[in-house]
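*Asks:* One structure coming up, written as structure tokens, with questions to follow.
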Amino acid sequence: MTLTIATWNINSVRLRIETVARFVAEHQPDVLCLQETKCIDGQFPLADVKRMGYEHTAIHGQKGYHGVAVFSRFALKDVDRKAFCDKNDARHIAVTLAEGPGAGTRIHNFYVPAGGDEPDPAINEKFAHKLGFLDEMEAWDALRVGGGASKTVLVGDLNIAPLEHDVWSSKQLTKVVSHTPLERRRLTEVATNGGWVDMMRALTPEPQKLYTWWSYRSPDWDAADKGRRLDHVWLSPALAPAMRQVKVLREARGWDRPSDHVPVVATLAL
DNA sequence: ATGGCCGCCTTTGGCGGA
């Protein structure tokens with residue numbers, strides 16, 4: 001039996017609900033995790049989500065910014081929404097699959113702060129927030145999955161491209177927030193100290209380029225191809241033997257009125 | 001750096017994204 005889990009920063013779920021429907025029709029993930037839904041829970045287009053075949057949903061939104069959601073073909077239990085950095089800004093939701101091939105699997109869906117422009121926490125509060133968020137992720141017991149039997153998946157827009165070949169030019173981006181040496185090291189520490197396996201890079205090792213985001217500002221994103229890998233799929237070691245495939249849906253960046261991120265679809269054999 | 005865009009708001013310009 002296989003379980004497919006997709007993650008996608010949708011950049012407004014209300015504006016792009018038909019884009020979500022297109023992706024679901026074409027790829028049929030069992031579980032879909034969204035980030036940047038940008039609406040309060042009462043405005044979330046749940047009727048459309050049900051029409052796509054997802055009977056089970058868990059959402060955590062706020063007005064205008066951020067927001068995360070999980071849609072599932074299988075029943076969910078133990079839904080938790082954790083606040084980071086003493087803010088209530090809808091950047092995390094966790095669920096456990098209660099049935100199906102992945103029954104018992106815990107899924108954490110994250111939207112890590114972007115961090116503003118200036119990569120100096122002393123003068124840029126947003127960058128300090130991003131680093132503080134990573135500190136809290138690293139310290140959280142629930143994200144320490146190494147060594148045990150825990151079946152846990154962490155997905156989301158982590159807003160950091162940690163490896164050299166996660167960006168089009170590591171040298172040219174070294175002072176750009178999302179690829180500074182400090183962020184790269186801190187995200188790697190969160191993963192390593194937590195015991196996580198980077199599923200995308202386990203299946204597509206460096207030096208192959210791997211991007212999930214292309215700026216809206218690029219006049220010809222496809223030809224220029226100045227992308228970054230900001231979206232991630234991490235697995236606890238107990239799930240690593242189940243890794244089968246990761247698809248990065250580059251073509252979705254070229255759809256009408258696209259998100260600047262594309263879906264990432266992970267397949268596990270369970 | 002891509003910086004030339006996009007989406008949100010009790011909107012018409014400012015903020016946040018990355």
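Ligands are numbered from 1 in the order shown, chains are lettered A, B, ... in the order of the structure tokens, and residues start at 1 in each chain.
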Could you give me, as a Markdown table, every chain A residue with an atom at most 8 Å from chain B, plus its closest atom pair and distance in Å to one decimal, counting only C-alpha atoms (C1' of nucleotides), rows ordered by chain then number?

*Replies:*
```
| residue | atom | partner | partner_atom | distance |
| --- | --- | --- | --- | --- |
| A:Asn11 | CA | B:DG7 | C1' | 7.6 |
| A:Ser12 | CA | B:DG7 | C1' | 7.3 |
| A:Lys38 | CA | B:DC8 | C1' | 8.0 |
| A:Gly64 | CA | B:DC8 | C1' | 5.3 |
| A:Tyr65 | CA | B:DC8 | C1' | 7.4 |
| A:Ala114 | CA | B:DA18 | C1' | 6.2 |
| A:Gly116 | CA | B:DA18 | C1' | 7.6 |
| A:Asn159 | CA | B:DA18 | C1' | 7.6 |
| A:Gln172 | CA | B:DA1 | C1' | 7.5 |
| A:Leu173 | CA | B:DA1 | C1' | 6.9 |
| A:Val176 | CA | B:DA1 | C1' | 6.8 |
| A:Val177 | CA | B:DA18 | C1' | 7.2 |
| A:Ser178 | CA | B:DA18 | C1' | 7.1 |
| A:Ser215 | CA | B:DT2 | C1' | 6.3 |
| A:Tyr216 | CA | B:DC5 | C1' | 4.8 |
| A:Arg217 | CA | B:DC5 | C1' | 4.5 |
| A:Ser218 | CA | B:DT2 | C1' | 5.2 |
| A:Pro219 | CA | B:DG4 | C1' | 7.6 |
```

*Asks:* Using only C-alpha atoms (C1' of nucleotides), determine which residues lie at most 10 Å from Pro181 of chain A, disregarding the query and same-chain residues fewer than 5 positions distant; provide the list as a PyMOL selection string.

*Replies:* chain A and resi 119+162-163+173-176+186

*Asks:* What does the distance from atom CA of Ser236 of chain A to atom CA of Val145 of chain A come to in Å, to one decimal?

*Replies:*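 These two atoms are separated by 5.5 Å.
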
*Asks:* Would you pick out the contacts of segment 21-37 of chain A at 7 Å or less, using only C-alpha atoms (C1' of nucleotides), so that residues sharing its chain but fewer than 6 positions from it are not included, and give the list as a VMD selection string?

*Replies:* chain A and resid 3 to 13 52 61 65 to 73 109 111 156 to 157

*Asks:* What are the DSSP strand (DSSP E or B) residues of segment 83-210 of chain A, as a ChimeraX atom specification?

*Replies:* /A:92-97,106-111,152-157,167,197-198

*Asks:* Export N, CA and C atoms of the chosen residues as an mmCIF file, in the first residue's frame?

*Replies:*
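Result file follows (result_11.cif):
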```
data_model
loop_
_atom_site.group_PDB
_atom_site.id
_atom_site.type_symbol
_atom_site.label_atom_id
_atom_site.label_comp_id
_atom_site.auth_asym_id
_atom_site.auth_seq_id
_atom_site.Cartn_x
_atom_site.Cartn_y
_atom_site.Cartn_z
ATOM 1 N N HIS A 92 1.661 26.564 12.198
ATOM 2 C CA HIS A 92 1.843 25.132 12.435
ATOM 3 C C HIS A 92 0.504 24.450 12.692
ATOM 4 N N ILE A 93 0.386 23.223 12.150
ATOM 5 C CA ILE A 93 -0.702 22.336 12.549
ATOM 6 C C ILE A 93 -0.166 20.911 12.457
ATOM 7 N N ALA A 94 -0.594 20.071 13.381
ATOM 8 C CA ALA A 94 -0.177 18.663 13.373
ATOM 9 C C ALA A 94 -1.415 17.787 13.458
ATOM 10 N N VAL A 95 -1.348 16.644 12.752
ATOM 11 C CA VAL A 95 -2.440 15.672 12.780
ATOM 12 C C VAL A 95 -1.830 14.271 12.846
ATOM 13 N N THR A 96 -2.651 13.330 13.249
ATOM 14 C CA THR A 96 -2.258 11.916 13.158
ATOM 15 C C THR A 96 -3.274 11.196 12.282
ATOM 16 N N LEU A 97 -2.770 10.395 11.330
ATOM 17 C CA LEU A 97 -3.674 9.595 10.501
ATOM 18 C C LEU A 97 -4.257 8.481 11.369
ATOM 19 N N ARG A 106 2.187 10.551 12.334
ATOM 20 C CA ARG A 106 2.024 11.937 12.761
ATOM 21 C C ARG A 106 2.541 12.842 11.654
ATOM 22 N N ILE A 107 1.804 13.890 11.301
ATOM 23 C CA ILE A 107 2.227 14.821 10.256
ATOM 24 C C ILE A 107 2.241 16.236 10.818
ATOM 25 N N HIS A 108 3.405 16.881 10.743
ATOM 26 C CA HIS A 108 3.546 18.292 11.133
ATOM 27 C C HIS A 108 3.653 19.142 9.881
ATOM 28 N N ASN A 109 2.834 20.177 9.795
ATOM 29 C CA ASN A 109 2.806 21.076 8.640
ATOM 30 C C ASN A 109 3.224 22.467 9.112
ATOM 31 N N PHE A 110 4.337 22.988 8.538
ATOM 32 C CA PHE A 110 4.951 24.237 9.021
ATOM 33 C C PHE A 110 5.004 25.325 7.954
ATOM 34 N N TYR A 111 4.877 26.550 8.424
ATOM 35 C CA TYR A 111 5.190 27.721 7.612
ATOM 36 C C TYR A 111 6.148 28.600 8.428
ATOM 37 N N THR A 152 6.825 9.689 11.839
ATOM 38 C CA THR A 152 6.509 11.115 11.797
ATOM 39 C C THR A 152 7.024 11.737 10.504
ATOM 40 N N VAL A 153 6.199 12.635 9.963
ATOM 41 C CA VAL A 153 6.541 13.368 8.746
ATOM 42 C C VAL A 153 6.467 14.854 9.071
ATOM 43 N N LEU A 154 7.443 15.604 8.601
ATOM 44 C CA LEU A 154 7.406 17.059 8.732
ATOM 45 C C LEU A 154 7.466 17.633 7.323
ATOM 46 N N VAL A 155 6.471 18.445 6.973
ATOM 47 C CA VAL A 155 6.460 19.083 5.656
ATOM 48 C C VAL A 155 6.230 20.574 5.819
ATOM 49 N N GLY A 156 6.470 21.289 4.742
ATOM 50 C CA GLY A 156 6.064 22.680 4.722
ATOM 51 C C GLY A 156 7.037 23.599 4.036
ATOM 52 N N ASP A 157 6.656 24.872 4.081
ATOM 53 C CA ASP A 157 7.498 25.943 3.561
ATOM 54 C C ASP A 157 8.394 26.389 4.705
ATOM 55 N N VAL A 167 19.745 26.212 -4.604
ATOM 56 C CA VAL A 167 19.541 27.539 -5.205
ATOM 57 C C VAL A 167 20.287 27.587 -6.537
ATOM 58 N N VAL A 197 15.301 12.672 8.319
ATOM 59 C CA VAL A 197 15.832 12.349 7.002
ATOM 60 C C VAL A 197 15.200 13.316 5.995
ATOM 61 N N ASP A 198 16.034 14.015 5.235
ATOM 62 C CA ASP A 198 15.579 14.922 4.173
ATOM 63 C C ASP A 198 15.194 14.061 2.968
#
```

*Asks:* What parts of segment 31-248 of chain A does DSSP call helix (DSSP H, G or I)? I'd like the answer as a PyMOL selection string.

*Replies:* chain A and resi 41-43+46-51+125-139+141-143+164-166+181-194+199-203+221-224+237-242

*Asks:* Pick out the residues sitting within 10 Å of Arg257 of chain A, and hand them over as number ranges by chain; count only C-alpha atoms (C1' of nucleotides), and ignore anything fewer than 5 positions along from it in its own chain.

*Replies:* A: 15-16, 19, 252; B: 6

*Asks:* Write out, as a PDB file, in the first residue's frame, the residues just selected, with all heavy atoms.

*Replies:*
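Below is the file that was written, again.pdb:
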```
ATOM      1  N   LEU A  15      -8.229  32.519  -3.363  1.00  0.00           N
ATOM      2  CA  LEU A  15      -7.962  32.943  -4.736  1.00  0.00           C
ATOM      3  C   LEU A  15      -7.676  31.750  -5.647  1.00  0.00           C
ATOM      4  O   LEU A  15      -7.964  31.786  -6.846  1.00  0.00           O
ATOM      5  CB  LEU A  15      -6.755  33.886  -4.740  1.00  0.00           C
ATOM      6  CG  LEU A  15      -6.532  34.696  -5.990  1.00  0.00           C
ATOM      7  CD1 LEU A  15      -7.633  35.737  -6.160  1.00  0.00           C
ATOM      8  CD2 LEU A  15      -5.169  35.384  -5.941  1.00  0.00           C
ATOM      9  N   ARG A  16      -7.069  30.710  -5.082  1.00  0.00           N
ATOM     10  CA  ARG A  16      -6.565  29.623  -5.922  1.00  0.00           C
ATOM     11  C   ARG A  16      -7.226  28.271  -5.646  1.00  0.00           C
ATOM     12  O   ARG A  16      -6.648  27.233  -5.965  1.00  0.00           O
ATOM     13  CB  ARG A  16      -5.049  29.511  -5.739  1.00  0.00           C
ATOM     14  CG  ARG A  16      -4.288  30.434  -6.669  1.00  0.00           C
ATOM     15  CD  ARG A  16      -2.796  30.264  -6.562  1.00  0.00           C
ATOM     16  NE  ARG A  16      -2.199  31.333  -5.788  1.00  0.00           N
ATOM     17  CZ  ARG A  16      -2.000  32.562  -6.241  1.00  0.00           C
ATOM     18  NH1 ARG A  16      -2.329  32.889  -7.463  1.00  0.00           N
ATOM     19  NH2 ARG A  16      -1.467  33.482  -5.451  1.00  0.00           N
ATOM     20  N   THR A  19      -7.218  26.132  -8.569  1.00  0.00           N
ATOM     21  CA  THR A  19      -5.878  25.625  -8.864  1.00  0.00           C
ATOM     22  C   THR A  19      -5.573  24.403  -8.009  1.00  0.00           C
ATOM     23  O   THR A  19      -4.979  23.428  -8.483  1.00  0.00           O
ATOM     24  CB  THR A  19      -4.835  26.743  -8.601  1.00  0.00           C
ATOM     25  OG1 THR A  19      -5.268  27.925  -9.266  1.00  0.00           O
ATOM     26  CG2 THR A  19      -3.467  26.351  -9.106  1.00  0.00           C
ATOM     27  N   ALA A 252       3.434  23.354 -12.458  1.00  0.00           N
ATOM     28  CA  ALA A 252       2.382  24.145 -11.802  1.00  0.00           C
ATOM     29  C   ALA A 252       2.761  25.623 -11.696  1.00  0.00           C
ATOM     30  O   ALA A 252       1.890  26.485 -11.552  1.00  0.00           O
ATOM     31  CB  ALA A 252       2.087  23.581 -10.409  1.00  0.00           C
TER      32      ALA A 252
ATOM     33  P    DC B   6       2.550  39.485 -11.449  1.00  0.00           P
ATOM     34  OP1  DC B   6       2.484  38.290 -12.282  1.00  0.00           O
ATOM     35  OP2  DC B   6       1.925  40.755 -11.871  1.00  0.00           O
ATOM     36  O5'  DC B   6       1.957  39.138 -10.014  1.00  0.00           O
ATOM     37  C5'  DC B   6       2.361  37.946  -9.358  1.00  0.00           C
ATOM     38  C4'  DC B   6       1.829  37.950  -7.950  1.00  0.00           C
ATOM     39  O4'  DC B   6       2.562  38.909  -7.162  1.00  0.00           O
ATOM     40  C3'  DC B   6       0.347  38.345  -7.813  1.00  0.00           C
ATOM     41  O3'  DC B   6      -0.335  37.264  -7.220  1.00  0.00           O
ATOM     42  C2'  DC B   6       0.357  39.566  -6.907  1.00  0.00           C
ATOM     43  C1'  DC B   6       1.683  39.420  -6.186  1.00  0.00           C
ATOM     44  N1   DC B   6       2.265  40.677  -5.675  1.00  0.00           N
ATOM     45  C2   DC B   6       2.646  40.742  -4.329  1.00  0.00           C
ATOM     46  O2   DC B   6       2.471  39.766  -3.611  1.00  0.00           O
ATOM     47  N3   DC B   6       3.175  41.901  -3.862  1.00  0.00           N
ATOM     48  C4   DC B   6       3.339  42.941  -4.675  1.00  0.00           C
ATOM     49  N4   DC B   6       3.880  44.048  -4.163  1.00  0.00           N
ATOM     50  C5   DC B   6       2.967  42.881  -6.048  1.00  0.00           C
ATOM     51  C6   DC B   6       2.438  41.742  -6.509  1.00  0.00           C
TER      52       DC B   6
END
```

*Asks:* Which distance in Å separates atom CA of Cys85 of chain A and atom CA of Ala128 of chain A, to one decimal?

*Replies:*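 If I compute the distance from atom CA of Cys85 of chain A to atom CA of Ala128 of chain A, I get 10.3 Å.
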